[in-house]
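Working notes, structure below.
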Amino acid sequence: MVTNRRTATSCALSAPGLSVAGMEGRLTGWGRTAPTTARLCAPTTAAEAAAAVRAAGERGTLARGLGRSYGDAAQNAGGTVLDMTALARVLALDLERGLVTCEAGVSLDRLMRLLLPFGWFVPVTPGTRYVTVGGAVGADIHGKNHHVSGSFGHHVTRMRLLTAAGEEVELTPGEELFDATTGGMGLTGVILDVTIKLLPVATSLMSVDTERAADLDDLMRRLEATDHRYRYSVAWIDLVARGAATGRAVLTRGDHAAIEELTPRQRRDPLVFRPRSLPPAPRGIPGGLLRTATVGAFNELWYRRAPRDRRGQLQRIGAFFHPLDGVPEWNRVYGPGGFLQYQFVVPYGQEATLRSIVEQLSRHGCPSFLAVLKRFGEGGPGWLSFPMPGWTLALDLPASVPGLGPLLDRLDEQVLAAGGRVYLAKDSRMRPRTLAAMYPRLADFRALRARIDPHGVFTSDLARRLAL
Amino acid sequence: MMNALGDPQSLLVLGGSSEIGLATARRLVGSRVETVHLAGRPSPALDAAAAELHALGAQVHVHDFDASAVETHETVLGKIFAEGDVDVVLLAFGVLGDQEQGEREPLAAAAVARVNYLGAVTSGLLCAQALRRQGHGALVVLSSVAGERARRSNFIYGSTKAGLDAFAQGLGDSLHGSGARVMVVRPGFVRTRMTEGLPDAPLATTADSVAEAVVSGLRRGSETVWVPGALRFVMSGLRHLPRPVFRRLPL
């Protein structure tokens, strides 16, 4: 959420070479919690971004994309925040080899609209198309295909980074700074442009298998047995259900549809991509709407209407990957108190921890609608990258749930004891010590930052909170 | 930084030996606070507070701070904020004074006003500036129901709290949009060293209850907190009583 957006842009327009004395804006993450204020600037060229970095004051600076990380990752209290969405040109497109080079502020939505007609798709997409390429690298995001394709950083062939000294450096995979930057939460510098290896697709439709799982054990059995057959796989769990139904879920798995699967009518325009959306959620929704009763009823309905077992259904990309993008500003439904997302991963072999956490959440009466369970594949080389082989669970919770802080602190400890970790792009409440124990390469990350950015030019509320 | 659930990581208590200040610090150290600055006049109570919070696992820094020495505030507070961000400042100092002595010796009354009001004005403004620079943080001001309407029996103290309360509200409005904010806390009669020997007033409360209300107010992002909550309605009634009636109340 950004207030004063218009003034933020005018700061770039009104000042050639960019004035850092722009307007102040109040920023939060997607969860709309813990707002802080920063000066906003919207560089339109790499040179303007460099000028802004050189002019950063003692509270430092930070790049921000579309603000989809849930917590305070894209905030910099008292400092400068660079709104990167104006640095959004597509620089090169190789349709033979499937490579696109674009500036960091380009969104995945834009890339899909641009590339699908040519038969190319982004290699990794999260649950929303409204993330920038820079943010995708900074958080080293993953999608439903992680068990097959790895995280976003795995598909980046090169990038250009603006360092604390205001210089541009070219990075390729395998270099120290490249690996620190993928998943580095924007703390190594400002990502200027990125080259991405794309995925060829024959159609813009998805061929989807849907099945219901009666409880958590059933779900995990099904995922273990057949996940490898699907490029995309995810399970939506009902965390409100208790007793025998604890962990009941709907699995949706699939792949891009082949041309033969389309009806003759669909074959006339197999690569069409026109995502539709409803009007945005209104402002001023009161808090407390999402309680156990309402969310429980919603989950019940949604579980019942899912087919028990359906194969090869054709779905649009939006419906399969980004159902929530259909309601712009859906984060407002949590009311003024905001919400947070808790996402963790525990390694394979630690299923008992996963089961215990699901039970604790269900017993606590957390009104969490549609938690997501997924199996990760191999982790990437990113130093602070989240994915590792194991089970990952993500759930949204209103910040006002009584006892939420201590509950999540206990879960952190269990995740840590199981050898797992919590996702930085979602975090808004962890303890610095726990985080450090979860990410063994944090010490290297700190040392690298101390070396290449001795004055701490790049910083964020997340970095301050967790001493990154 | 304040996290998504409203738990701060660093705390500055102005009036470091205040019982309400210590009770609040104790609770906050129990959740996320790792750094505590205790600013107060050197005393055994201040040392004991520091030792207790240290034993609870906090990094405690003690600073020599005299609320009535307003010219020194800039130096002392400047040093504290230079050590790092402060997520919550608790302005907890204050003296009750002796009403009868104050009426006899006006300078004694002025001394109460100097601590409770003047000291809060300088330190409050300095803290607000620092929080504004940080782009985040909360200034919690311990006001009192005594400031809501001055009573015959303690109007010297009451008027200083009235001034403080009005000051804090205005300061809060001036910080709107800056990322920093002010929360005004209005406790009723609190059983502490300050009120020792005085008879309990109705709806009397404890330092720990005030601390609990401060912590939950921070979580909710409240602007005004009454302790106990019922006082809000009691005082709303008292405020509108006609003077001749109010004067005769045994308050």
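Letters for chains follow the order of the structure tokens (A, B, ...), residue numbers begin at 1 for each chain, and ligand numbers begin at 1 in the order shown.
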
When the cut-off is 8 Å and we count only C-alpha atoms, which residues of chain A are near chain B, given as a JSON list (two decimals) with N, CA and C atoms, in the first residue's frame?
```json
[["chain", "number", "residue", "atom", "x", "y", "z"],
["A", 24, "GLU", "N", 7.07, 12.46, 1.09],
["A", 24, "GLU", "CA", 7.08, 11.32, 1.99],
["A", 24, "GLU", "C", 5.87, 10.46, 1.74],
["A", 25, "GLY", "N", 6.02, 9.20, 1.93],
["A", 25, "GLY", "CA", 4.90, 8.29, 1.76],
["A", 25, "GLY", "C", 4.91, 7.24, 2.85],
["A", 26, "ARG", "N", 3.71, 6.81, 3.20],
["A", 26, "ARG", "CA", 3.57, 5.80, 4.23],
["A", 26, "ARG", "C", 3.48, 4.46, 3.52],
["A", 33, "THR", "N", 0.43, -4.21, 7.59],
["A", 33, "THR", "CA", 0.77, -4.06, 9.00],
["A", 33, "THR", "C", 2.02, -3.19, 9.11],
["A", 34, "ALA", "N", 2.34, -2.73, 10.32],
["A", 34, "ALA", "CA", 3.57, -2.00, 10.64],
["A", 34, "ALA", "C", 3.97, -0.95, 9.59],
["A", 35, "PRO", "N", 3.14, 0.07, 9.39],
["A", 35, "PRO", "CA", 3.50, 1.11, 8.42],
["A", 35, "PRO", "C", 4.68, 1.95, 8.89],
["A", 36, "THR", "N", 5.53, 2.36, 7.95],
["A", 36, "THR", "CA", 6.58, 3.34, 8.26],
["A", 36, "THR", "C", 6.64, 4.31, 7.10],
["A", 37, "THR", "N", 7.33, 5.41, 7.31],
["A", 37, "THR", "CA", 7.36, 6.48, 6.32],
["A", 37, "THR", "C", 8.73, 6.60, 5.70],
["A", 38, "ALA", "N", 8.76, 6.82, 4.39],
["A", 38, "ALA", "CA", 10.02, 7.01, 3.68],
["A", 38, "ALA", "C", 9.81, 8.05, 2.58],
["A", 59, "ARG", "N", 19.86, 7.15, 6.47],
["A", 59, "ARG", "CA", 18.88, 6.07, 6.65],
["A", 59, "ARG", "C", 18.81, 5.16, 5.43],
["A", 71, "GLY", "N", 5.36, -8.63, 4.53],
["A", 71, "GLY", "CA", 5.80, -7.89, 5.70],
["A", 71, "GLY", "C", 6.49, -6.58, 5.33],
["A", 77, "ALA", "N", 12.12, 2.81, 6.76],
["A", 77, "ALA", "CA", 11.68, 3.90, 7.63],
["A", 77, "ALA", "C", 12.70, 5.03, 7.69],
["A", 78, "GLY", "N", 12.24, 6.24, 7.39],
["A", 78, "GLY", "CA", 13.09, 7.42, 7.52],
["A", 78, "GLY", "C", 14.08, 7.60, 6.39],
["A", 79, "GLY", "N", 14.18, 6.62, 5.49],
["A", 79, "GLY", "CA", 15.13, 6.71, 4.39],
["A", 79, "GLY", "C", 14.43, 6.94, 3.07],
["A", 337, "GLY", "N", -6.73, -3.81, 10.61],
["A", 337, "GLY", "CA", -5.70, -4.48, 11.41],
["A", 337, "GLY", "C", -4.69, -5.23, 10.56],
["A", 340, "LEU", "N", -1.13, -11.33, 8.24],
["A", 340, "LEU", "CA", 0.21, -11.76, 7.91],
["A", 340, "LEU", "C", 0.15, -13.14, 7.29],
["A", 399, "ALA", "N", -4.03, -10.31, 11.68],
["A", 399, "ALA", "CA", -3.06, -9.96, 12.73],
["A", 399, "ALA", "C", -3.73, -9.90, 14.10],
["A", 400, "SER", "N", -5.07, -9.84, 14.11],
["A", 400, "SER", "CA", -5.77, -9.66, 15.39],
["A", 400, "SER", "C", -6.09, -10.96, 16.10],
["A", 405, "GLY", "N", 1.04, -14.12, 18.29],
["A", 405, "GLY", "CA", 2.49, -13.96, 18.42],
["A", 405, "GLY", "C", 3.16, -15.16, 19.07],
["A", 428, "SER", "N", 6.95, -11.08, 8.89],
["A", 428, "SER", "CA", 6.74, -9.74, 9.43],
["A", 428, "SER", "C", 6.87, -9.76, 10.95],
["A", 429, "ARG", "N", 7.39, -10.86, 11.53],
["A", 429, "ARG", "CA", 7.35, -10.95, 12.99],
["A", 429, "ARG", "C", 8.39, -11.87, 13.62],
["A", 431, "ARG", "N", 11.89, -13.55, 15.19],
["A", 431, "ARG", "CA", 12.99, -13.07, 16.03],
["A", 431, "ARG", "C", 14.28, -13.15, 15.24],
["A", 461, "ASP", "N", 13.34, -2.11, 6.50],
["A", 461, "ASP", "CA", 12.77, -2.39, 7.83],
["A", 461, "ASP", "C", 13.00, -3.85, 8.20],
["A", 464, "ARG", "N", 16.53, -4.20, 9.35],
["A", 464, "ARG", "CA", 16.72, -3.66, 10.70],
["A", 464, "ARG", "C", 16.11, -4.59, 11.74],
["A", 465, "ARG", "N", 14.92, -5.10, 11.42],
["A", 465, "ARG", "CA", 14.22, -5.94, 12.39],
["A", 465, "ARG", "C", 14.96, -7.25, 12.64]]
```

Per-residue DSSP, segment 72-215 of chain A, filtered to strand (DSSP E or B), as a ChimeraX atom specification
/A:80-83,90-94,99-103,107,120-121,132,156-162,168-171,190-197,199-200,205-213

Write to file, as a PDB file, in the first residue's frame, the residues of the selection just made, with C-alpha atoms.
```
ATOM      1  CA  THR A  80      14.509   6.626   0.664  1.00  0.00           C
ATOM      2  CA  VAL A  81      12.488   4.047  -1.235  1.00  0.00           C
ATOM      3  CA  LEU A  82      12.917   3.735  -4.980  1.00  0.00           C
ATOM      4  CA  ASP A  83       9.638   2.915  -6.679  1.00  0.00           C
ATOM      5  CA  VAL A  90      11.629  -4.573 -22.159  1.00  0.00           C
ATOM      6  CA  LEU A  91      15.130  -4.280 -23.575  1.00  0.00           C
ATOM      7  CA  ALA A  92      15.590  -7.393 -25.711  1.00  0.00           C
ATOM      8  CA  LEU A  93      13.573 -10.366 -26.805  1.00  0.00           C
ATOM      9  CA  ASP A  94      15.053 -13.487 -28.395  1.00  0.00           C
ATOM     10  CA  LEU A  99      15.226 -15.170 -23.692  1.00  0.00           C
ATOM     11  CA  VAL A 100      13.870 -11.857 -22.508  1.00  0.00           C
ATOM     12  CA  THR A 101      15.875  -9.000 -21.063  1.00  0.00           C
ATOM     13  CA  CYS A 102      13.864  -6.420 -19.191  1.00  0.00           C
ATOM     14  CA  GLU A 103      14.244  -3.741 -16.567  1.00  0.00           C
ATOM     15  CA  SER A 107       5.793  -7.123 -13.902  1.00  0.00           C
ATOM     16  CA  TRP A 120       6.564 -18.309 -24.387  1.00  0.00           C
ATOM     17  CA  PHE A 121       5.713 -18.276 -20.694  1.00  0.00           C
ATOM     18  CA  THR A 132       8.139  -7.207 -10.624  1.00  0.00           C
ATOM     19  CA  VAL A 156      18.082 -15.912 -14.670  1.00  0.00           C
ATOM     20  CA  THR A 157      21.062 -15.988 -17.040  1.00  0.00           C
ATOM     21  CA  ARG A 158      22.453 -12.558 -16.164  1.00  0.00           C
ATOM     22  CA  MET A 159      21.563  -9.340 -14.409  1.00  0.00           C
ATOM     23  CA  ARG A 160      22.836  -5.835 -13.886  1.00  0.00           C
ATOM     24  CA  LEU A 161      23.124  -4.545 -10.331  1.00  0.00           C
ATOM     25  CA  LEU A 162      23.577  -1.015  -9.070  1.00  0.00           C
ATOM     26  CA  GLU A 168      26.651  -0.813 -12.402  1.00  0.00           C
ATOM     27  CA  VAL A 169      27.990  -4.370 -12.331  1.00  0.00           C
ATOM     28  CA  GLU A 170      27.124  -7.254 -14.633  1.00  0.00           C
ATOM     29  CA  LEU A 171      26.445 -10.530 -12.800  1.00  0.00           C
ATOM     30  CA  VAL A 190      19.343  -2.191  -6.931  1.00  0.00           C
ATOM     31  CA  ILE A 191      18.640  -4.758  -9.634  1.00  0.00           C
ATOM     32  CA  LEU A 192      18.459  -2.778 -12.876  1.00  0.00           C
ATOM     33  CA  ASP A 193      17.746  -5.376 -15.535  1.00  0.00           C
ATOM     34  CA  VAL A 194      17.536  -9.121 -15.816  1.00  0.00           C
ATOM     35  CA  THR A 195      17.712 -11.740 -18.573  1.00  0.00           C
ATOM     36  CA  ILE A 196      15.319 -14.651 -18.104  1.00  0.00           C
ATOM     37  CA  LYS A 197      15.139 -18.012 -19.841  1.00  0.00           C
ATOM     38  CA  LEU A 199       9.361 -21.734 -21.073  1.00  0.00           C
ATOM     39  CA  PRO A 200       7.877 -22.663 -24.482  1.00  0.00           C
ATOM     40  CA  LEU A 205      -4.647 -22.981 -21.309  1.00  0.00           C
ATOM     41  CA  MET A 206      -3.835 -25.356 -18.505  1.00  0.00           C
ATOM     42  CA  SER A 207      -4.816 -28.998 -18.394  1.00  0.00           C
ATOM     43  CA  VAL A 208      -5.703 -29.616 -14.769  1.00  0.00           C
ATOM     44  CA  ASP A 209      -6.390 -32.677 -12.635  1.00  0.00           C
ATOM     45  CA  THR A 210      -8.343 -31.989  -9.463  1.00  0.00           C
ATOM     46  CA  GLU A 211      -8.839 -34.384  -6.584  1.00  0.00           C
ATOM     47  CA  ARG A 212      -9.958 -34.175  -2.990  1.00  0.00           C
ATOM     48  CA  ALA A 213      -8.018 -35.521  -0.038  1.00  0.00           C
TER      49      ALA A 213
END
```

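Taking atom CA of Leu95 of chain A and atom CA of Phe118 of chain A as the two end points, the separation is 7.5 Å.
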
Among segment 437-467 of chain A, which residues carry a DSSP assignment of alpha helix (DSSP H), reported as a PyMOL selection string?
chain A and resi 437-438+442-452+461-466

Any chance you can output those residues with N, CA and C atoms as an mmCIF file, in the first residue's frame?
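Saved file part03.cif follows:
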```cif
data_model
loop_
_atom_site.group_PDB
_atom_site.id
_atom_site.type_symbol
_atom_site.label_atom_id
_atom_site.label_comp_id
_atom_site.auth_asym_id
_atom_site.auth_seq_id
_atom_site.Cartn_x
_atom_site.Cartn_y
_atom_site.Cartn_z
ATOM 1 N N ALA A 437 19.473 -18.711 12.795
ATOM 2 C CA ALA A 437 19.708 -20.149 12.916
ATOM 3 C C ALA A 437 19.119 -20.911 11.727
ATOM 4 N N MET A 438 18.124 -20.321 11.069
ATOM 5 C CA MET A 438 17.488 -21.010 9.939
ATOM 6 C C MET A 438 18.264 -20.853 8.638
ATOM 7 N N LEU A 442 23.695 -16.796 6.416
ATOM 8 C CA LEU A 442 23.471 -15.395 6.789
ATOM 9 C C LEU A 442 24.780 -14.703 7.181
ATOM 10 N N ALA A 443 25.663 -15.432 7.840
ATOM 11 C CA ALA A 443 26.937 -14.823 8.251
ATOM 12 C C ALA A 443 27.721 -14.369 7.021
ATOM 13 N N ASP A 444 27.754 -15.217 5.967
ATOM 14 C CA ASP A 444 28.434 -14.827 4.727
ATOM 15 C C ASP A 444 27.766 -13.598 4.115
ATOM 16 N N PHE A 445 26.423 -13.601 4.176
ATOM 17 C CA PHE A 445 25.660 -12.496 3.604
ATOM 18 C C PHE A 445 26.004 -11.188 4.303
ATOM 19 N N ARG A 446 26.057 -11.242 5.633
ATOM 20 C CA ARG A 446 26.412 -10.034 6.411
ATOM 21 C C ARG A 446 27.822 -9.582 6.075
ATOM 22 N N ALA A 447 28.739 -10.537 5.973
ATOM 23 C CA ALA A 447 30.139 -10.186 5.687
ATOM 24 C C ALA A 447 30.246 -9.541 4.310
ATOM 25 N N LEU A 448 29.517 -10.101 3.339
ATOM 26 C CA LEU A 448 29.552 -9.536 1.988
ATOM 27 C C LEU A 448 29.003 -8.113 1.983
ATOM 28 N N ARG A 449 27.902 -7.913 2.675
ATOM 29 C CA ARG A 449 27.324 -6.563 2.722
ATOM 30 C C ARG A 449 28.289 -5.595 3.393
ATOM 31 N N ALA A 450 28.933 -6.043 4.474
ATOM 32 C CA ALA A 450 29.868 -5.160 5.169
ATOM 33 C C ALA A 450 31.020 -4.772 4.228
ATOM 34 N N ARG A 451 31.370 -5.682 3.329
ATOM 35 C CA ARG A 451 32.492 -5.421 2.420
ATOM 36 C C ARG A 451 32.079 -4.493 1.271
ATOM 37 N N ILE A 452 30.956 -4.831 0.612
ATOM 38 C CA ILE A 452 30.620 -4.054 -0.590
ATOM 39 C C ILE A 452 29.771 -2.825 -0.276
ATOM 40 N N ASP A 461 13.336 -2.109 6.504
ATOM 41 C CA ASP A 461 12.773 -2.388 7.829
ATOM 42 C C ASP A 461 13.003 -3.853 8.196
ATOM 43 N N LEU A 462 12.879 -4.722 7.191
ATOM 44 C CA LEU A 462 13.137 -6.151 7.416
ATOM 45 C C LEU A 462 14.572 -6.357 7.889
ATOM 46 N N ALA A 463 15.508 -5.679 7.223
ATOM 47 C CA ALA A 463 16.927 -5.826 7.578
ATOM 48 C C ALA A 463 17.184 -5.299 8.978
ATOM 49 N N ARG A 464 16.534 -4.202 9.352
ATOM 50 C CA ARG A 464 16.717 -3.657 10.702
ATOM 51 C C ARG A 464 16.109 -4.594 11.735
ATOM 52 N N ARG A 465 14.922 -5.101 11.424
ATOM 53 C CA ARG A 465 14.215 -5.941 12.387
ATOM 54 C C ARG A 465 14.955 -7.248 12.637
ATOM 55 N N LEU A 466 15.504 -7.821 11.568
ATOM 56 C CA LEU A 466 16.122 -9.136 11.699
ATOM 57 C C LEU A 466 17.652 -9.090 11.691
#
```

Which residue is closest to Gly150 of chain A? Choose from A:Gly60, A:Pro43, A:Gly134, A:Gly379 and count only C-alpha atoms.
A:Gly379

Residues within 10 Å of Phe155 of chain B, please, as a list in words. Count only C-alpha atoms; anything in the same chain fewer than 5 positions from it doesn't count.
Gln99, Glu103, Ala146, Gly147, Arg149, Ala150, Thr160, Lys161 and Ala162 of chain B

Distance atom CA of Leu164 of chain B-atom CA of Ala204 of chain B, one decimal place?
21.4 Å

From B:Gly15, B:Gly30, B:Gly102, B:Gly188, residue lying nearest Asn154 of chain B [only C-alpha atoms]
B:Gly102

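Shell of segment 63-78 of chain B at 8 Å, with only C-alpha atoms counted and residues fewer than 2 places along the chain excluded, is Leu14, Gly15, His37, Leu38, Ala39, Gly40, Arg41, Pro42, His61, Ile80, Phe81, Ala82, Phe93, Ala111, Arg114, Val115, Leu118, Gly119, Ala120, Thr122, Ser123, Leu126 and Cys127 of chain B.
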
Please provide the set of residues having any atom within 10 Å of Arg64 of chain A, restricted to only C-alpha atoms, with same-chain residues fewer than 5 positions apart removed, written as number ranges by chain.
A: 40, 42, 69, 73-76, 81-85, 104-105, 132, 134-135, 185-186, 190

What's the separation between atom CA of Glu359 of chain A and atom CA of Val240 of chain A, in Å to one decimal place?
9.8 Å

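Considering only C-alpha atoms, the residue among A:Ala244, A:Leu187, A:Leu314, A:Met112 positioned nearest to Leu216 of chain A is A:Ala244.
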